[in-house]
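To start, the structure under review is shown below, and the notes come after it.
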Amino acid sequence: MKFSKAFGEIKTNVLTELDNMKIRLEKEGRDTINFSIGTPDFRPDKHVLSVLKEASGCPELFKYGLYDSEELIDAVINWYKRRYNVKVAPENITTINGSQEGMAHISFPICDKGDIVLTPNPGYQIFSFGPLMAGADIVTYNLIKENNYLIDFNSIPEETARKAKMIVVSYPNNPVTATADYLFYERLVAFAKKYDIVVVHDNAYSELVYDDEPGISFLSVPGAFDIGIEFNSLSKSYNLTGLRLSFAIGNKEIIKRFKAFRSQIDYGICGAIQKAAIAALNGPQDILERNRTGYKKRRDALCCGLNEIGWKVPFSKGTMFTWFPIPENFSSSKEFAFKLLEESGILCVPGDSFGSLGEGYVRMALVQPIEVIEKAVQKIKECKLF
């Protein structure tokens with residue numbers, strides 16, 4: 001048999017390797033605590049679950065969802081106006097099966113084979129893998145601590161910028177947890193306009209900013225609709241990860257072409273899920289503050305606890321993750337992650353899985369209750385890695 005040369009060398013995700021080791025430890029009778037995958041453990045609101053339950057009893061809603069309902073589009077329009085003071089028209093919106101799916105496919109209607117796409121290093125893996133699937137060439141820009149993990153547009157070579165077709169941006173950022181302000185987005189829009197680059201912004205974590213002003217939309221900057229779109233998700237904001245419903249919002253020509261492309265590979269969002277999304281967007285919004293407060297308390301418990309036992313770590317600014325430097329006595333993030341799992345039963349993600357500049361760091365997801373976090377800190381203390 002013959003296989004794709006482009007994808008034949010894809011390696012198994014390190015999460016699979018870690019999970020296999022976790023299973024082995026549990027078979028040996030060891031306790032493990034998983035901080036690797038960012039799936040919320042907070043519950044969705046009862047009124048959303050109630051609507052979903054009722055809708056699931058309606059056979060008509062289980063046909064192909066070829067079109068986004070007017071009610072759902074209106075809910076998105078109103079939410080963006082209330083939350084970001086951004087005016088959005090129906091032609092600026094399409095649903096997608098989660099931001100992961102959107103990022104996987106957005107390059108297809110934008111890029112030709114060999115076009116340059118700018119992606120972050122370190123960065124969430126799909127930001128680069130999606131464009132690679134479309135045949136684009138990846139050129140990474142560096143996110144470094146000294147620049148607060150913001151893009152230094154001056155560091156992108158002029159020739160590269162002129163050749164680039166698209167740039168993928170994400171704030172609040174997974175994995176490095178950095179946030180961006182309005183001035184940054186103004187610089188982003190100016191950069192994209194100067195070099196005629198399409199901006200694709202992942203805004204999945206705008207509701208999880210802890211110590212600064214609330215997260216904003218890239219589209220709130222004048223001129224943003226001219227050059228880009230952003231993905232916004234119900235997964236982390238409303239604890240609806242498994243429903244796989246997000247939105248691509250922005251430039252109407254990009255949205256039009258994206259819709260046409262997706263019509264060839266997908267038949268739309270299930271009507272029952274659309275009903276649940278409407279309930280979440282139109283209903284009481286106190287879940288957003290509840291989640292933010294809950295994750296912040298977990299962040300504080302984890303970061304304070306680790307600092308007290310000698311692992312000197314920074315406090316995350318946003319997202320549901322933490323980004324920690326590994327101890328100086330370890331030579332690689334992967335070595336440390338597997339050693340930590342072996343010695344303490346704690347799962348985290350080695351930073352090099354997010355790119356070369358992730359080396360020397362690990363990511364931990366705030367997906368455990370505070371009492372479990374305190375237990376994890378104690379287990380880390382007892383394994384004497386510090």
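How things are named: the first chain in the structure tokens is A, the next is B, and so on; residues count from 1 in each chain; ligands count from 1 in the order shown.
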
Go through segment 296-366 of chain A and flag each residue having an atom no more than 6 Å from segment 165-184 of chain A; for those, report the closest pair of atoms plus their distance in Å to one decimal, using only C-alpha atoms, ordered by chain and rising number, as CSV.
```
residue,atom,partner,partner_atom,distance
A:Ser316,CA,A:Thr177,CA,5.7
A:Lys317,CA,A:Ala178,CA,5.8
A:Gly318,CA,A:Thr177,CA,5.1
A:Thr319,CA,A:Thr177,CA,5.7
A:Trp323,CA,A:Val176,CA,5.4
```

Output N, CA and C atoms for every residue in that selection, as a short mmCIF file (atom, residue, chain, number, x, y, z; two decimals), in the first residue's frame.
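Final output, saved to out.cif:
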```cif
data_model
loop_
_atom_site.label_atom_id
_atom_site.label_comp_id
_atom_site.auth_asym_id
_atom_site.auth_seq_id
_atom_site.Cartn_x
_atom_site.Cartn_y
_atom_site.Cartn_z
N SER A 316 -1.30 32.48 35.71
CA SER A 316 -1.87 32.64 34.38
C SER A 316 -2.73 33.90 34.30
N LYS A 317 -2.66 34.59 33.17
CA LYS A 317 -3.49 35.77 32.96
C LYS A 317 -4.87 35.41 32.42
N GLY A 318 -4.94 34.32 31.67
CA GLY A 318 -6.22 33.95 31.08
C GLY A 318 -6.21 32.50 30.63
N THR A 319 -7.30 32.07 30.00
CA THR A 319 -7.60 30.70 29.56
C THR A 319 -7.85 29.81 30.77
N TRP A 323 0.96 27.79 32.42
CA TRP A 323 2.16 27.58 31.59
C TRP A 323 3.36 27.77 32.51
#
```

Quiz item: Tyr124 of chain A: which residues within 6 Å, counting only C-alpha atoms, same-chain residues fewer than 2 positions away excluded, as a ChimeraX atom specification?
Solution: /A:126-127,354

Next, the residues of the selection above should be written as a PDB file, in the first residue's frame with all heavy atoms.
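Okay, again_15.pdb is ready:
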```
ATOM      1  N   ILE A 126      -3.378  22.668  16.167  1.00  0.00           N
ATOM      2  CA  ILE A 126      -4.241  22.769  14.983  1.00  0.00           C
ATOM      3  C   ILE A 126      -3.989  24.060  14.205  1.00  0.00           C
ATOM      4  O   ILE A 126      -4.283  24.138  13.014  1.00  0.00           O
ATOM      5  CB  ILE A 126      -5.736  22.664  15.380  1.00  0.00           C
ATOM      6  CG1 ILE A 126      -6.618  22.373  14.161  1.00  0.00           C
ATOM      7  CG2 ILE A 126      -6.197  23.925  16.096  1.00  0.00           C
ATOM      8  CD1 ILE A 126      -6.327  21.066  13.490  1.00  0.00           C
ATOM      9  N   PHE A 127      -3.407  25.076  14.866  1.00  0.00           N
ATOM     10  CA  PHE A 127      -3.126  26.330  14.168  1.00  0.00           C
ATOM     11  C   PHE A 127      -2.189  26.112  12.983  1.00  0.00           C
ATOM     12  O   PHE A 127      -2.304  26.792  11.957  1.00  0.00           O
ATOM     13  CB  PHE A 127      -2.499  27.354  15.115  1.00  0.00           C
ATOM     14  CG  PHE A 127      -3.383  27.805  16.248  1.00  0.00           C
ATOM     15  CD1 PHE A 127      -2.846  28.425  17.359  1.00  0.00           C
ATOM     16  CD2 PHE A 127      -4.750  27.600  16.203  1.00  0.00           C
ATOM     17  CE1 PHE A 127      -3.653  28.845  18.402  1.00  0.00           C
ATOM     18  CE2 PHE A 127      -5.575  28.013  17.249  1.00  0.00           C
ATOM     19  CZ  PHE A 127      -5.018  28.631  18.352  1.00  0.00           C
ATOM     20  N   PHE A 354       3.959  21.909  21.670  1.00  0.00           N
ATOM     21  CA  PHE A 354       3.352  23.102  21.080  1.00  0.00           C
ATOM     22  C   PHE A 354       4.334  23.877  20.193  1.00  0.00           C
ATOM     23  O   PHE A 354       4.004  24.958  19.717  1.00  0.00           O
ATOM     24  CB  PHE A 354       2.830  24.028  22.179  1.00  0.00           C
ATOM     25  CG  PHE A 354       1.789  23.395  23.064  1.00  0.00           C
ATOM     26  CD1 PHE A 354       2.127  22.936  24.326  1.00  0.00           C
ATOM     27  CD2 PHE A 354       0.483  23.243  22.633  1.00  0.00           C
ATOM     28  CE1 PHE A 354       1.181  22.335  25.153  1.00  0.00           C
ATOM     29  CE2 PHE A 354      -0.470  22.644  23.445  1.00  0.00           C
ATOM     30  CZ  PHE A 354      -0.126  22.191  24.705  1.00  0.00           C
TER      31      PHE A 354
END
```

Quiz item: Which neighbours of Phe129 of chain A fall inside 10 Å, counting only C-alpha atoms, when residues of the same chain fewer than 3 positions from it are skipped, and could you give them as a VMD selection string?
Solution: chain A and resid 103 to 105 119 124 to 126 132 to 136 138

Any chance you could export the current selection's N, CA and C atoms as a PDB file, in the first residue's frame?
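Heads up, here's the output in out.pdb:
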```pdb
ATOM      1  N   MET A 103     -10.655  25.677  12.596  1.00  0.00           N
ATOM      2  CA  MET A 103      -9.236  25.903  12.353  1.00  0.00           C
ATOM      3  C   MET A 103      -8.659  24.867  11.393  1.00  0.00           C
ATOM      4  N   ALA A 104      -9.182  23.660  11.440  1.00  0.00           N
ATOM      5  CA  ALA A 104      -8.698  22.611  10.549  1.00  0.00           C
ATOM      6  C   ALA A 104      -9.022  22.905   9.088  1.00  0.00           C
ATOM      7  N   HIS A 105     -10.107  23.641   8.834  1.00  0.00           N
ATOM      8  CA  HIS A 105     -10.584  23.783   7.464  1.00  0.00           C
ATOM      9  C   HIS A 105     -10.530  25.194   6.877  1.00  0.00           C
ATOM     10  N   THR A 119       1.997  31.275  11.791  1.00  0.00           N
ATOM     11  CA  THR A 119       1.387  30.660  12.967  1.00  0.00           C
ATOM     12  C   THR A 119       2.312  30.814  14.171  1.00  0.00           C
ATOM     13  N   TYR A 124      -1.037  26.267  19.774  1.00  0.00           N
ATOM     14  CA  TYR A 124      -1.918  25.109  19.763  1.00  0.00           C
ATOM     15  C   TYR A 124      -1.765  24.400  18.418  1.00  0.00           C
ATOM     16  N   GLN A 125      -1.672  23.073  18.439  1.00  0.00           N
ATOM     17  CA  GLN A 125      -1.220  22.317  17.277  1.00  0.00           C
ATOM     18  C   GLN A 125      -2.070  22.528  16.022  1.00  0.00           C
ATOM     19  N   ILE A 126      -3.378  22.668  16.167  1.00  0.00           N
ATOM     20  CA  ILE A 126      -4.241  22.769  14.983  1.00  0.00           C
ATOM     21  C   ILE A 126      -3.989  24.060  14.205  1.00  0.00           C
ATOM     22  N   LEU A 132      -1.355  23.134   7.047  1.00  0.00           N
ATOM     23  CA  LEU A 132      -0.552  22.082   6.415  1.00  0.00           C
ATOM     24  C   LEU A 132      -1.439  21.126   5.616  1.00  0.00           C
ATOM     25  N   MET A 133      -2.609  20.799   6.147  1.00  0.00           N
ATOM     26  CA  MET A 133      -3.534  19.924   5.421  1.00  0.00           C
ATOM     27  C   MET A 133      -3.953  20.540   4.093  1.00  0.00           C
ATOM     28  N   ALA A 134      -4.037  21.875   4.071  1.00  0.00           N
ATOM     29  CA  ALA A 134      -4.447  22.579   2.848  1.00  0.00           C
ATOM     30  C   ALA A 134      -3.284  22.776   1.885  1.00  0.00           C
ATOM     31  N   GLY A 135      -2.088  22.317   2.253  1.00  0.00           N
ATOM     32  CA  GLY A 135      -0.939  22.440   1.378  1.00  0.00           C
ATOM     33  C   GLY A 135      -0.160  23.729   1.533  1.00  0.00           C
ATOM     34  N   ALA A 136      -0.497  24.517   2.543  1.00  0.00           N
ATOM     35  CA  ALA A 136       0.214  25.780   2.768  1.00  0.00           C
ATOM     36  C   ALA A 136       1.577  25.513   3.404  1.00  0.00           C
ATOM     37  N   ILE A 138       4.136  26.660   6.317  1.00  0.00           N
ATOM     38  CA  ILE A 138       4.062  27.296   7.628  1.00  0.00           C
ATOM     39  C   ILE A 138       5.347  28.072   7.913  1.00  0.00           C
TER      40      ILE A 138
END
```

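Nearest to Glu371 of chain A of all the residues A:Pro40, A:Pro109, A:Gly250, A:Gly305 is A:Gly305, counting only C-alpha atoms.
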
Self-check item: Spatial neighbours of Glu343 of chain A, 9 Å, only C-alpha atoms, chain gap at least 2 places, as a ChimeraX atom specification
Solution: /A:338-341,345-346,379-380,382-385

Exercise. Using only C-alpha atoms, find the one residue out of A:Asn154, A:Asn251, A:Gln100, A:Asn92 that sits nearest to Ala204 of chain A.
Key: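 Of A:Asn154, A:Asn251, A:Gln100, A:Asn92, the one nearest Ala204 of chain A is A:Gln100, counting only C-alpha atoms.
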
Give me the residues of segment 40-132 of chain A that have any atom at most 8 Å from an atom of segment 267-276 of chain A; for each, the nearest atom pair and the distance in Å, rounded to one decimal. Use only C-alpha atoms, sort by chain and number, and format it as JSON lines.
```
{"residue": "A:Val48", "atom": "CA", "partner": "A:Ala276", "partner_atom": "CA", "distance": 5.4}
{"residue": "A:Leu49", "atom": "CA", "partner": "A:Ala276", "partner_atom": "CA", "distance": 7.2}
{"residue": "A:Val51", "atom": "CA", "partner": "A:Ala276", "partner_atom": "CA", "distance": 5.8}
{"residue": "A:Leu52", "atom": "CA", "partner": "A:Ala276", "partner_atom": "CA", "distance": 5.1}
{"residue": "A:Ala55", "atom": "CA", "partner": "A:Ala272", "partner_atom": "CA", "distance": 5.0}
{"residue": "A:Ser56", "atom": "CA", "partner": "A:Ala272", "partner_atom": "CA", "distance": 5.7}
{"residue": "A:Leu61", "atom": "CA", "partner": "A:Gly271", "partner_atom": "CA", "distance": 4.5}
{"residue": "A:Phe62", "atom": "CA", "partner": "A:Cys270", "partner_atom": "CA", "distance": 6.0}
{"residue": "A:Lys63", "atom": "CA", "partner": "A:Cys270", "partner_atom": "CA", "distance": 7.2}
{"residue": "A:Tyr64", "atom": "CA", "partner": "A:Tyr267", "partner_atom": "CA", "distance": 5.7}
{"residue": "A:Gly65", "atom": "CA", "partner": "A:Gly268", "partner_atom": "CA", "distance": 4.4}
{"residue": "A:Leu66", "atom": "CA", "partner": "A:Gly268", "partner_atom": "CA", "distance": 4.8}
{"residue": "A:Tyr67", "atom": "CA", "partner": "A:Gly268", "partner_atom": "CA", "distance": 6.5}
{"residue": "A:Asp68", "atom": "CA", "partner": "A:Ile269", "partner_atom": "CA", "distance": 7.5}
{"residue": "A:Ser69", "atom": "CA", "partner": "A:Gln274", "partner_atom": "CA", "distance": 7.7}
{"residue": "A:Leu72", "atom": "CA", "partner": "A:Gln274", "partner_atom": "CA", "distance": 6.6}
{"residue": "A:Thr95", "atom": "CA", "partner": "A:Ile269", "partner_atom": "CA", "distance": 7.3}
{"residue": "A:Ile96", "atom": "CA", "partner": "A:Ile269", "partner_atom": "CA", "distance": 7.4}
{"residue": "A:Asn97", "atom": "CA", "partner": "A:Ile269", "partner_atom": "CA", "distance": 7.1}
```

Exercise. As a ChimeraX atom specification, please: all residues of segment 230-290 of chain A that backbone DSSP puts in helix (DSSP H, G or I).
Key: /A:241-243,252-262,271-282,286-290

Please dump the current selection as a CSV table (one decimal), in the first residue's frame; keep N, CA, C and O atoms.
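The resulting file, out_24.csv, is reproduced below:
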```csv
chain,number,residue,atom,x,y,z
A,241,THR,N,-18.6,21.8,25.8
A,241,THR,CA,-17.5,21.3,24.9
A,241,THR,C,-18.0,20.1,24.0
A,241,THR,O,-17.7,20.1,22.8
A,242,GLY,N,-18.7,19.2,24.5
A,242,GLY,CA,-19.1,18.0,23.8
A,242,GLY,C,-20.2,18.3,22.7
A,242,GLY,O,-20.3,17.5,21.8
A,243,LEU,N,-20.9,19.4,22.8
A,243,LEU,CA,-21.9,19.7,21.7
A,243,LEU,C,-21.2,20.1,20.4
A,243,LEU,O,-21.9,20.1,19.4
A,252,LYS,N,-17.4,39.1,5.3
A,252,LYS,CA,-18.5,38.4,4.6
A,252,LYS,C,-18.0,37.6,3.4
A,252,LYS,O,-18.6,36.5,3.2
A,253,GLU,N,-17.0,38.0,2.7
A,253,GLU,CA,-16.5,37.2,1.6
A,253,GLU,C,-15.8,36.0,2.1
A,253,GLU,O,-15.9,34.9,1.5
A,254,ILE,N,-15.0,36.1,3.2
A,254,ILE,CA,-14.4,34.9,3.8
A,254,ILE,C,-15.5,33.9,4.3
A,254,ILE,O,-15.4,32.7,4.0
A,255,ILE,N,-16.5,34.5,5.0
A,255,ILE,CA,-17.6,33.6,5.5
A,255,ILE,C,-18.3,32.9,4.3
A,255,ILE,O,-18.6,31.7,4.4
A,256,LYS,N,-18.6,33.7,3.3
A,256,LYS,CA,-19.3,33.1,2.1
A,256,LYS,C,-18.5,31.9,1.5
A,256,LYS,O,-19.1,30.9,1.2
A,257,ARG,N,-17.2,32.1,1.3
A,257,ARG,CA,-16.4,31.1,0.8
A,257,ARG,C,-16.2,29.9,1.7
A,257,ARG,O,-16.1,28.7,1.3
A,258,PHE,N,-16.1,30.2,3.0
A,258,PHE,CA,-16.0,29.1,4.0
A,258,PHE,C,-17.3,28.3,4.0
A,258,PHE,O,-17.3,27.1,4.1
A,259,LYS,N,-18.4,29.0,4.0
A,259,LYS,CA,-19.7,28.3,3.9
A,259,LYS,C,-19.8,27.3,2.7
A,259,LYS,O,-20.2,26.2,2.8
A,260,ALA,N,-19.3,27.8,1.5
A,260,ALA,CA,-19.4,27.0,0.3
A,260,ALA,C,-18.5,25.8,0.5
A,260,ALA,O,-18.8,24.7,0.1
A,261,PHE,N,-17.3,26.0,1.0
A,261,PHE,CA,-16.4,24.9,1.2
A,261,PHE,C,-17.0,23.9,2.2
A,261,PHE,O,-17.0,22.7,1.9
A,262,ARG,N,-17.5,24.3,3.3
A,262,ARG,CA,-18.0,23.4,4.3
A,262,ARG,C,-19.3,22.7,3.8
A,262,ARG,O,-19.6,21.6,4.3
A,271,GLY,N,-30.3,20.4,14.8
A,271,GLY,CA,-31.2,21.4,15.3
A,271,GLY,C,-31.4,21.4,16.8
A,271,GLY,O,-31.6,22.5,17.4
A,272,ALA,N,-31.3,20.3,17.4
A,272,ALA,CA,-31.4,20.2,18.9
A,272,ALA,C,-30.2,21.0,19.5
A,272,ALA,O,-30.4,21.7,20.5
A,273,ILE,N,-29.1,20.8,18.9
A,273,ILE,CA,-27.9,21.6,19.5
A,273,ILE,C,-28.0,23.1,19.2
A,273,ILE,O,-27.7,23.9,20.1
A,274,GLN,N,-28.6,23.4,18.1
A,274,GLN,CA,-28.8,24.9,17.8
A,274,GLN,C,-29.8,25.4,18.9
A,274,GLN,O,-29.6,26.6,19.3
A,275,LYS,N,-30.8,24.7,19.3
A,275,LYS,CA,-31.7,25.2,20.3
A,275,LYS,C,-31.0,25.4,21.6
A,275,LYS,O,-31.2,26.4,22.3
A,276,ALA,N,-30.1,24.5,22.0
A,276,ALA,CA,-29.3,24.6,23.2
A,276,ALA,C,-28.5,25.8,23.2
A,276,ALA,O,-28.3,26.6,24.2
A,277,ALA,N,-27.8,26.1,22.0
A,277,ALA,CA,-27.0,27.3,21.8
A,277,ALA,C,-27.8,28.5,22.0
A,277,ALA,O,-27.3,29.5,22.6
A,278,ILE,N,-29.0,28.6,21.4
A,278,ILE,CA,-29.8,29.8,21.6
A,278,ILE,C,-30.1,30.0,23.0
A,278,ILE,O,-30.1,31.2,23.5
A,279,ALA,N,-30.4,29.0,23.8
A,279,ALA,CA,-30.8,29.1,25.2
A,279,ALA,C,-29.6,29.6,25.9
A,279,ALA,O,-29.7,30.5,26.8
A,280,ALA,N,-28.4,29.2,25.6
A,280,ALA,CA,-27.2,29.6,26.3
A,280,ALA,C,-26.9,31.1,26.0
A,280,ALA,O,-26.6,31.9,26.9
A,281,LEU,N,-27.0,31.5,24.7
A,281,LEU,CA,-26.7,32.9,24.3
A,281,LEU,C,-27.7,33.9,24.8
A,281,LEU,O,-27.4,35.0,25.2
A,282,ASN,N,-29.0,33.5,24.8
A,282,ASN,CA,-30.0,34.4,25.2
A,282,ASN,C,-30.4,34.4,26.7
A,282,ASN,O,-31.1,35.3,27.2
A,286,ASP,N,-24.9,34.7,34.1
A,286,ASP,CA,-24.1,34.7,35.3
A,286,ASP,C,-23.1,33.5,35.3
A,286,ASP,O,-22.2,33.4,36.0
A,287,ILE,N,-23.4,32.5,34.4
A,287,ILE,CA,-22.4,31.4,34.2
A,287,ILE,C,-21.0,31.8,33.8
A,287,ILE,O,-20.0,31.2,34.2
A,288,LEU,N,-21.0,32.9,33.1
A,288,LEU,CA,-19.7,33.5,32.6
A,288,LEU,C,-18.8,33.9,33.8
A,288,LEU,O,-17.6,33.6,33.9
A,289,GLU,N,-19.4,34.6,34.7
A,289,GLU,CA,-18.7,35.1,35.9
A,289,GLU,C,-18.4,33.9,36.9
A,289,GLU,O,-17.4,33.8,37.5
A,290,ARG,N,-19.3,33.0,36.9
A,290,ARG,CA,-19.2,31.8,37.8
A,290,ARG,C,-18.0,31.0,37.3
A,290,ARG,O,-17.1,30.6,38.1
```

Quiz prompt | Residue nearest Thr39 of chain A among A:Lys236, A:Val139, A:Ser206, A:Arg24 (counting only C-alpha atoms) | solution =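 Looking at the shortest contact to Thr39 of chain A, the residue is A:Lys236.
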
Surrounding residues of Tyr141 of chain A excluding itself and chain neighbours under 5 positions, 8 Å, only C-alpha atoms, as a PDB file with C-alpha atoms, in the first residue's frame:
```
ATOM      1  CA  LEU A 118       2.029  32.643   9.777  1.00  0.00           C
ATOM      2  CA  THR A 119       1.387  30.660  12.967  1.00  0.00           C
ATOM      3  CA  PRO A 120       2.561  31.020  16.579  1.00  0.00           C
ATOM      4  CA  ASN A 121       5.485  29.222  18.210  1.00  0.00           C
ATOM      5  CA  ILE A 151       3.448  39.123  18.511  1.00  0.00           C
ATOM      6  CA  SER A 155      10.374  40.697  13.980  1.00  0.00           C
ATOM      7  CA  ILE A 156       8.541  39.255  10.964  1.00  0.00           C
TER       8      ILE A 156
END
```

Exercise. Mind giving me the straight-line distance from atom CA of Ser353 of chain A to atom CA of Asn148 of chain A in Å, one decimal?
Key: 20.4 Å

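Across A:Ala337, A:Ile110, A:Ile33, A:Ala224, the tightest approach to Val372 of chain A is made by A:Ile33 when counting only C-alpha atoms.
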
Quiz item: Could you write out, as a ChimeraX atom specification, all the residues of segment 158-326 of chain A that DSSP marks as strand (DSSP E or B)?
Solution: /A:164-170,198-202,209,228-233,246-250,318,321-325

Quiz item: Which residue out of A:Gly358, A:Lys375, A:Asp137, A:Asn307 has the minimum interatomic distance to Lys113 of chain A when only C-alpha atoms are used?
Solution: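 Ranked by minimum distance to Lys113 of chain A, first place goes to A:Asp137.
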
Determine, counting only C-alpha atoms, which protein, DNA and RNA residues have an atom within 10 Å of an atom of Trp79 of chain A; residues of the same chain fewer than 5 positions away are not included. Present the result as a PDB file with N, CA, C and O atoms, in the first residue's frame.
```
ATOM      1  N   ILE A  73     -28.850  32.759  14.557  1.00  0.00           N
ATOM      2  CA  ILE A  73     -28.057  33.873  14.032  1.00  0.00           C
ATOM      3  C   ILE A  73     -28.380  35.158  14.794  1.00  0.00           C
ATOM      4  O   ILE A  73     -27.480  35.933  15.143  1.00  0.00           O
ATOM      5  N   ASP A  74     -29.652  35.373  15.083  1.00  0.00           N
ATOM      6  CA  ASP A  74     -30.050  36.563  15.860  1.00  0.00           C
ATOM      7  C   ASP A  74     -29.433  36.514  17.261  1.00  0.00           C
ATOM      8  O   ASP A  74     -29.014  37.555  17.797  1.00  0.00           O
ATOM      9  N   TYR A  84     -19.434  42.645  23.246  1.00  0.00           N
ATOM     10  CA  TYR A  84     -18.278  43.350  22.692  1.00  0.00           C
ATOM     11  C   TYR A  84     -18.605  44.706  22.072  1.00  0.00           C
ATOM     12  O   TYR A  84     -17.703  45.400  21.618  1.00  0.00           O
ATOM     13  N   ASN A  85     -19.917  45.031  22.034  1.00  0.00           N
ATOM     14  CA  ASN A  85     -20.353  46.238  21.325  1.00  0.00           C
ATOM     15  C   ASN A  85     -19.906  46.210  19.862  1.00  0.00           C
ATOM     16  O   ASN A  85     -19.464  47.212  19.286  1.00  0.00           O
ATOM     17  N   VAL A  86     -20.031  45.057  19.263  1.00  0.00           N
ATOM     18  CA  VAL A  86     -19.680  44.850  17.852  1.00  0.00           C
ATOM     19  C   VAL A  86     -20.946  44.545  17.069  1.00  0.00           C
ATOM     20  O   VAL A  86     -21.714  43.641  17.443  1.00  0.00           O
ATOM     21  N   LYS A  87     -21.154  45.283  16.004  1.00  0.00           N
ATOM     22  CA  LYS A  87     -22.317  45.084  15.149  1.00  0.00           C
ATOM     23  C   LYS A  87     -21.992  44.044  14.084  1.00  0.00           C
ATOM     24  O   LYS A  87     -21.064  44.219  13.297  1.00  0.00           O
ATOM     25  N   VAL A  88     -22.770  42.960  14.080  1.00  0.00           N
ATOM     26  CA  VAL A  88     -22.543  41.856  13.151  1.00  0.00           C
ATOM     27  C   VAL A  88     -23.811  41.631  12.338  1.00  0.00           C
ATOM     28  O   VAL A  88     -24.915  41.673  12.877  1.00  0.00           O
ATOM     29  N   LEU A 281     -26.987  31.503  24.745  1.00  0.00           N
ATOM     30  CA  LEU A 281     -26.659  32.876  24.346  1.00  0.00           C
ATOM     31  C   LEU A 281     -27.706  33.881  24.810  1.00  0.00           C
ATOM     32  O   LEU A 281     -27.363  35.023  25.151  1.00  0.00           O
ATOM     33  N   ASN A 282     -28.967  33.475  24.831  1.00  0.00           N
ATOM     34  CA  ASN A 282     -30.049  34.406  25.182  1.00  0.00           C
ATOM     35  C   ASN A 282     -30.416  34.372  26.662  1.00  0.00           C
ATOM     36  O   ASN A 282     -31.064  35.293  27.163  1.00  0.00           O
TER      37      ASN A 282
END
```

Quiz item: What does the distance between atom CA of Ile37 of chain A and atom CA of Tyr80 of chain A come to in Å, to one decimal place?
Solution: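 The value is 28.2 Å.
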
Quiz prompt | Nearest-residue call for Phe191 of chain A, choices A:Ser333, A:Gly228, A:Gly38, A:Tyr205, using only C-alpha atoms | solution =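 Smallest distance to Phe191 of chain A is found for A:Gly228.
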